[in-house]
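Below is the file model-v7.cif, which contains mmCIF, C-alpha atoms.
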data_run
loop_
_atom_site.label_atom_id
_atom_site.label_comp_id
_atom_site.auth_asym_id
_atom_site.auth_seq_id
_atom_site.Cartn_x
_atom_site.Cartn_y
_atom_site.Cartn_z
CA MET A 1 32.54 -2.77 -18.32
CA GLY A 2 31.68 -1.89 -21.91
CA ILE A 3 32.18 -3.80 -25.15
CA GLU A 4 32.21 -1.88 -28.42
CA SER A 5 33.52 -2.82 -31.88
CA ASN A 6 34.22 0.79 -32.94
CA ALA A 7 37.68 1.86 -31.77
CA GLN A 8 36.88 5.58 -31.85
CA ALA A 9 33.79 5.04 -29.71
CA VAL A 10 35.91 3.13 -27.18
CA ALA A 11 38.41 6.00 -27.04
CA ASP A 12 35.60 8.52 -26.53
CA ALA A 13 34.14 6.41 -23.71
CA ALA A 14 37.49 6.26 -21.92
CA ALA A 15 37.94 10.02 -22.30
CA ASN A 16 34.46 10.71 -20.92
CA ALA A 17 35.10 8.43 -17.95
CA ALA A 18 38.35 10.23 -17.14
CA ARG A 19 36.70 13.64 -17.53
CA ASN A 20 33.99 12.64 -15.00
CA GLY A 21 36.38 11.04 -12.52
CA ILE A 22 35.08 7.50 -13.11
CA THR A 23 37.82 5.00 -12.27
CA ASN A 24 35.87 1.72 -12.06
CA ALA A 25 34.92 1.51 -15.74
CA GLU A 26 36.67 -0.54 -18.42
CA PHE A 27 36.03 -0.45 -22.17
CA ILE A 28 36.95 -3.23 -24.56
CA CYS A 29 37.26 -2.85 -28.32
CA ALA A 30 35.90 -6.11 -29.72
CA LYS A 31 32.82 -7.68 -31.18
CA ALA A 32 30.24 -8.58 -28.57
CA GLU A 33 29.86 -12.17 -29.77
CA GLN A 34 33.63 -12.65 -29.34
CA ALA A 35 34.17 -10.91 -25.99
CA THR A 36 30.99 -11.32 -23.95
CA ARG A 37 31.67 -14.82 -22.65
CA GLN A 38 35.30 -14.02 -21.73
CA VAL A 39 34.28 -10.84 -19.91
CA LEU A 40 31.62 -12.66 -17.87
CA GLU A 41 33.98 -15.49 -16.96
CA ARG A 42 36.63 -13.18 -15.48
CA LEU A 43 34.32 -11.14 -13.26
CA THR A 44 35.12 -11.25 -9.55
CA PRO A 45 32.61 -12.62 -6.98
CA SER A 46 31.83 -9.12 -5.75
CA GLU A 47 31.15 -7.99 -9.32
CA LEU A 48 28.91 -10.98 -9.92
CA ASP A 49 26.85 -10.13 -6.80
CA SER A 50 25.73 -6.85 -8.36
CA LEU A 51 25.77 -7.85 -12.01
CA VAL A 52 23.37 -6.10 -14.40
CA ALA A 53 23.68 -6.18 -18.19
CA ILE A 54 22.76 -3.30 -20.50
CA VAL A 55 22.68 -4.09 -24.21
CA ASP A 56 22.16 -1.58 -27.02
CA PRO A 57 22.62 -3.53 -30.25
CA PRO A 58 22.31 -2.19 -33.83
CA ARG A 59 19.11 -2.63 -35.82
CA ALA A 60 19.94 -6.26 -36.54
CA GLY A 61 19.75 -7.07 -32.81
CA LEU A 62 22.03 -9.15 -30.62
CA HIS A 63 24.12 -11.95 -32.05
CA PRO A 64 22.77 -15.40 -30.95
CA ASP A 65 26.08 -16.15 -29.21
CA VAL A 66 25.65 -13.04 -27.02
CA VAL A 67 22.13 -14.12 -26.06
CA LYS A 68 23.36 -17.61 -25.12
CA ALA A 69 26.30 -16.24 -23.13
CA LEU A 70 24.04 -13.90 -21.13
CA ARG A 71 21.50 -16.66 -20.47
CA ARG A 72 24.25 -19.02 -19.34
CA CYS A 73 25.57 -16.52 -16.76
CA ALA A 74 23.54 -17.50 -13.66
CA PRO A 75 24.50 -14.45 -11.51
CA LEU A 76 22.99 -12.20 -14.19
CA ARG A 77 19.37 -11.72 -13.09
CA ARG A 78 18.49 -8.37 -14.65
CA LEU A 79 18.93 -7.27 -18.23
CA LEU A 80 18.18 -3.83 -19.67
CA PHE A 81 17.64 -4.03 -23.42
CA VAL A 82 17.70 -0.85 -25.55
CA ALA A 83 16.28 -1.56 -29.00
CA CYS A 84 16.11 0.73 -32.01
CA HIS A 85 14.23 -1.85 -34.09
CA ALA A 86 11.27 -3.57 -32.40
CA PRO A 87 11.13 -6.67 -34.69
CA ALA A 88 14.78 -7.46 -33.92
CA PHE A 89 14.07 -7.09 -30.21
CA VAL A 90 11.18 -9.55 -30.47
CA THR A 91 13.51 -12.13 -32.01
CA ASN A 92 16.04 -11.68 -29.19
CA ALA A 93 13.31 -11.65 -26.51
CA VAL A 94 12.03 -15.03 -27.68
CA SER A 95 15.53 -16.47 -27.16
CA PHE A 96 15.89 -14.86 -23.74
CA CYS A 97 12.45 -16.02 -22.55
CA ARG A 98 12.16 -19.48 -24.09
CA PRO A 99 12.28 -22.52 -21.77
CA THR A 100 15.63 -23.97 -20.77
CA SER A 101 17.13 -26.34 -23.33
CA PRO A 102 20.58 -27.70 -24.25
CA SER A 103 21.04 -24.77 -26.65
CA PHE A 104 19.68 -22.15 -24.24
CA ALA A 105 20.99 -22.90 -20.78
CA GLY A 106 20.06 -20.98 -17.66
CA VAL A 107 16.78 -19.89 -16.13
CA PRO A 108 14.70 -18.04 -18.73
CA PHE A 109 14.01 -14.33 -18.50
CA GLU A 110 10.64 -12.58 -18.38
CA LEU A 111 9.72 -9.22 -19.84
CA VAL A 112 8.84 -7.05 -16.82
CA GLN A 113 8.57 -3.50 -18.17
CA ALA A 114 8.84 -1.65 -21.46
CA TRP A 115 9.16 2.06 -22.24
CA PRO A 116 8.79 3.33 -25.84
CA ILE A 117 10.72 6.58 -26.38
CA ASP A 118 10.04 8.81 -29.36
CA LEU A 119 13.48 9.94 -30.55
CA PHE A 120 12.34 10.35 -34.15
CA PRO A 121 9.38 12.76 -34.25
CA HIS A 122 6.99 12.54 -37.20
CA THR A 123 8.28 9.09 -38.14
CA PRO A 124 6.98 5.59 -37.30
CA HIS A 125 10.24 4.75 -35.50
CA CYS A 126 10.92 4.84 -31.75
CA GLU A 127 13.45 3.54 -29.29
CA LEU A 128 12.29 0.75 -27.01
CA VAL A 129 13.77 0.32 -23.53
CA THR A 130 12.83 -2.93 -21.81
CA LEU A 131 13.62 -4.62 -18.53
CA LEU A 132 13.95 -8.41 -18.41
CA GLU A 133 14.40 -10.42 -15.22
CA ARG A 134 14.95 -14.10 -14.48
CA SER A 135 11.66 -15.92 -13.95
CA ASP A 136 12.72 -17.14 -10.50
CA LEU A 137 13.44 -13.54 -9.46
CA VAL A 138 10.00 -12.50 -10.65
CA ALA A 139 8.44 -15.37 -8.69
CA GLU A 140 10.36 -14.40 -5.54
CA ARG A 141 9.20 -10.79 -5.80
CA GLU A 142 5.57 -11.81 -6.36
CA ALA A 143 5.70 -14.15 -3.36
CA ALA A 144 7.14 -11.38 -1.21
CA GLN A 145 4.40 -8.99 -2.34
CA GLU A 146 1.70 -11.56 -1.54
CA ALA A 147 3.22 -12.18 1.90
CA ALA A 148 3.33 -8.44 2.59
CA GLN A 149 -0.30 -8.07 1.51
CA ALA A 150 -1.35 -10.98 3.74
CA ALA A 151 0.53 -9.47 6.69
CA LYS A 152 -1.17 -6.12 6.06
CA GLN A 153 -4.61 -7.75 6.04
CA ALA A 154 -3.82 -9.67 9.22
CA GLN A 155 -2.72 -6.43 10.90
CA ALA A 156 -5.98 -4.77 9.86
CA VAL A 157 -7.99 -7.64 11.38
CA GLN A 158 -6.02 -7.40 14.63
CA THR A 159 -6.60 -3.65 14.78
CA GLN A 160 -10.34 -4.08 14.30
CA ALA A 161 -10.44 -6.76 17.01
CA ALA A 162 -8.54 -4.50 19.42
CA GLU A 163 -10.91 -1.61 18.75
CA ALA A 164 -13.92 -3.85 19.33
CA ALA A 165 -12.43 -5.13 22.59
CA SER A 166 -11.81 -1.60 23.86
CA THR A 167 -15.57 -0.72 23.67
CA PRO A 168 -17.50 -3.68 25.24
CA THR A 169 -21.22 -3.97 24.56
CA ASP A 170 -22.03 -4.33 28.28
CA ALA A 171 -20.34 -1.05 29.07
CA ALA A 172 -22.29 0.69 26.31
CA GLU A 173 -25.55 -0.79 27.60
CA GLY A 174 -24.62 0.21 31.16
CA GLY A 175 -24.07 3.75 29.96
CA ALA A 176 -27.49 3.75 28.35
CA VAL A 177 -29.10 2.47 31.57
CA GLY A 178 -27.26 5.09 33.58
CA ALA A 179 -28.47 7.82 31.23
CA ALA A 180 -32.03 6.56 31.54
CA ALA A 181 -31.72 6.50 35.34
CA ALA A 182 -30.40 10.04 35.33
CA GLU A 183 -33.25 11.16 33.11
CA GLY A 184 -35.72 9.46 35.46
CA ALA A 185 -34.08 11.12 38.45
CA LEU A 186 -34.64 14.53 36.86
CA GLY A 187 -38.37 13.81 36.53
CA ALA A 188 -38.68 12.32 40.03
CA PRO A 189 -39.13 15.61 41.98
CA GLU A 190 -42.30 16.51 40.04
CA GLU A 191 -43.82 13.06 40.63
CA SER A 192 -42.93 13.18 44.34
CA ALA A 193 -44.50 16.63 44.79
CA LEU A 194 -47.69 15.49 43.06
CA SER A 195 -47.84 12.35 45.18
CA ARG A 196 -47.34 14.37 48.33
CA ALA A 197 -50.12 16.80 47.36
CA ILE A 198 -52.57 13.96 46.69
CA SER A 199 -51.66 12.25 49.95
CA SER A 200 -52.12 15.52 51.86
CA ALA A 201 -55.55 16.08 50.30
CA GLN A 202 -56.61 12.52 51.10
CA ALA A 203 -55.46 12.96 54.69
CA VAL A 204 -57.46 16.18 55.07
CA VAL A 205 -60.61 14.54 53.69
CA ALA A 206 -60.18 11.50 55.96
CA SER A 207 -59.58 13.73 58.95
CA ALA A 208 -62.68 15.80 58.24
CA ALA A 209 -64.84 12.72 57.91
CA SER A 210 -63.70 11.31 61.24
CA VAL A 211 -64.27 14.40 63.51
CA PRO A 212 -67.59 15.66 64.99
CA ALA A 213 -69.64 18.32 63.21
CA GLY A 214 -68.30 21.22 65.28
CA GLU A 215 -64.77 20.10 64.85
CA ALA A 216 -65.51 19.41 61.18
CA GLU A 217 -66.55 23.02 60.68
CA GLY A 218 -63.31 24.12 62.35
CA ALA A 219 -61.39 21.71 60.21
CA ALA A 220 -63.19 23.00 57.13
CA HIS A 221 -62.32 26.54 58.15
CA ASP A 222 -58.68 25.51 58.59
CA HIS A 223 -58.81 23.71 55.26
CA LYS A 224 -60.05 26.85 53.54
CA GLN A 225 -57.19 28.81 55.05
CA HIS A 226 -54.75 26.12 53.95
CA ALA A 227 -56.29 26.17 50.46
CA ALA A 228 -55.92 29.93 50.34
CA GLN A 229 -52.26 29.60 51.23
CA ARG A 230 -51.66 26.73 48.81
CA PRO A 231 -51.27 28.90 45.67
CA LEU A 232 -48.59 30.85 47.49
CA LEU A 233 -46.84 27.65 48.51
CA ALA A 234 -47.14 26.32 44.98
CA GLU A 235 -45.78 29.58 43.62
CA ALA A 236 -42.90 29.38 46.07
CA ASP A 237 -42.27 25.78 45.09
CA GLY A 238 -42.32 26.77 41.43
CA ALA A 239 -39.79 29.50 42.07
CA LYS A 240 -37.63 26.98 43.94
CA VAL A 241 -37.78 24.52 41.04
#
Would you mind writing the file's structure down as structure tokens?
Amino acid sequence: MGIESNAQAVADAAANAARNGITNAEFICAKAEQATRQVLERLTPSELDSLVAIVDPPRAGLHPDVVKALRRCAPLRRLLFVACHAPAFVTNAVSFCRPTSPSFAGVPFELVQAWPIDLFPHTPHCELVTLLERSDLVAEREAAQEAAQAAKQAQAVQTQAAEAASTPTDAAEGGAVGAAAAEGALGAPEESALSRAISSAQAVVASAASVPAGEAEGAAHDHKQHAAQRPLLAEADGAKV
């Protein structure tokens, strides 16, 4: 629904809507300060549920009655303000954002975003597009963002706890002990062979000391033969290893 004081502009808007197949648009030829309140009061509940206002005033800015009518309309929670003169916008923004009072009813707005647009190159002038929202709407969105951030952090903590639980310290230590045992098992054959060789030599010496001289000579002879064969046995053992 559009309000415009220039009759030719209203006719052009209606023609453009018909040309583009838009059937849910209505254009009123009147001054904004005279028609805004009446237009807002006759909106249907479904229209109020999705109500957004777009204002594009002349360089003088919005009439104070328009500002008051928009502030008084509680279902209106978002306002898009297109300004061609920044000082005039500042004056209107102060009225939109000032605390609630008998003259300015309704929850105040807050300036959320602003986009300067250079439509006049090489001049100090620019268009200013701003978004204003009710302060309670801003508070609701910030609370929702904080809750989402807290939930995300809690999820991260739970994930870390689950990962820690899936790799217990005892299991890791058991794996290390098992690896050490396996490494020791690989070195065990060499130690066992050496122990057996020493034990065999000790047994030969003990046996030679305990037999008579004649038998000792025979034992010595047998020992020499065994010693002569030992390199071959060791070589065979080395090849086996």
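Checking A:Ala25, A:Leu137, A:Ala162, A:Leu111 one by one against A:Leu76, counting all atoms listed in the file, you find the shortest gap at A:Leu137.
Each of A:Thr159, A:Thr130, A:Asn24, A:Ser101 was checked against A:Val55 using only C-alpha atoms; the smallest atom-to-atom distance is that of A:Thr130.
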Checklist entry - Which is closest to A:Glu133 among A:Gln155, A:Gln113, A:Asn92, A:Ser46, if we use all atoms listed in the file? => result A:Gln113
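The gap separating atom CA of A:Gly106 from atom CA of A:Cys73 is 7.1 Å, in Å to one decimal.
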Checklist entry - In Å, with one decimal, what is the gap from atom CA of A:Ala14 to atom CA of A:Asp65? => result 26.2 Å
Checklist entry - For the file shown, what are the residues hit by the PyMOL selection byres ((chain A and resi 127) around 8), laid out as JSON, numbers by chain? => result {"A": [82, 83, 84, 85, 116, 117, 118, 119, 125, 126, 128, 129]}
Item to check | Exercise: A:Ser5 partners within 10 Å, only C-alpha atoms, chain neighbours under 5 positions left out, as a PyMOL selection string | outcome: chain A and resi 10+28-32
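Of note, atom CA of A:Lys152 and atom CA of A:Val112 are spaced 25.0 Å apart.
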Item to check | Nearest residue to A:Cys97 from the set A:Arg59, A:Arg78, A:Arg141, A:Arg134 (distances using all atoms listed in the file) | outcome: A:Arg134
Item to check | Neighbour list for A:Glu41 as a PyMOL selection string, cut-off 12 Å, only C-alpha atoms, skip fewer than 2 positions in-chain | outcome: chain A and resi 35-39+43-45+47-48+69-70+72-76
Checklist entry - Taking the file as shown, what set of residues would the PyMOL selection byres ((chain A and resi 96) around 12) give back, as an NGL selection string? => result :A and (62 or 64-72 or 77-81 or 89-95 or 97-101 or 103-111 or 131-135)
Could you work out an axis-aligned bounding box for all listed atoms of stretch 7-24 of chain A, with 6 Å added on each of the six sides, and give its centre and edge lengths in Å to one decimal, as AutoDock Vina command-line options?
--center_x 36.1 --center_y 7.7 --center_z -22.0 --size_x 16.6 --size_y 23.9 --size_z 31.8
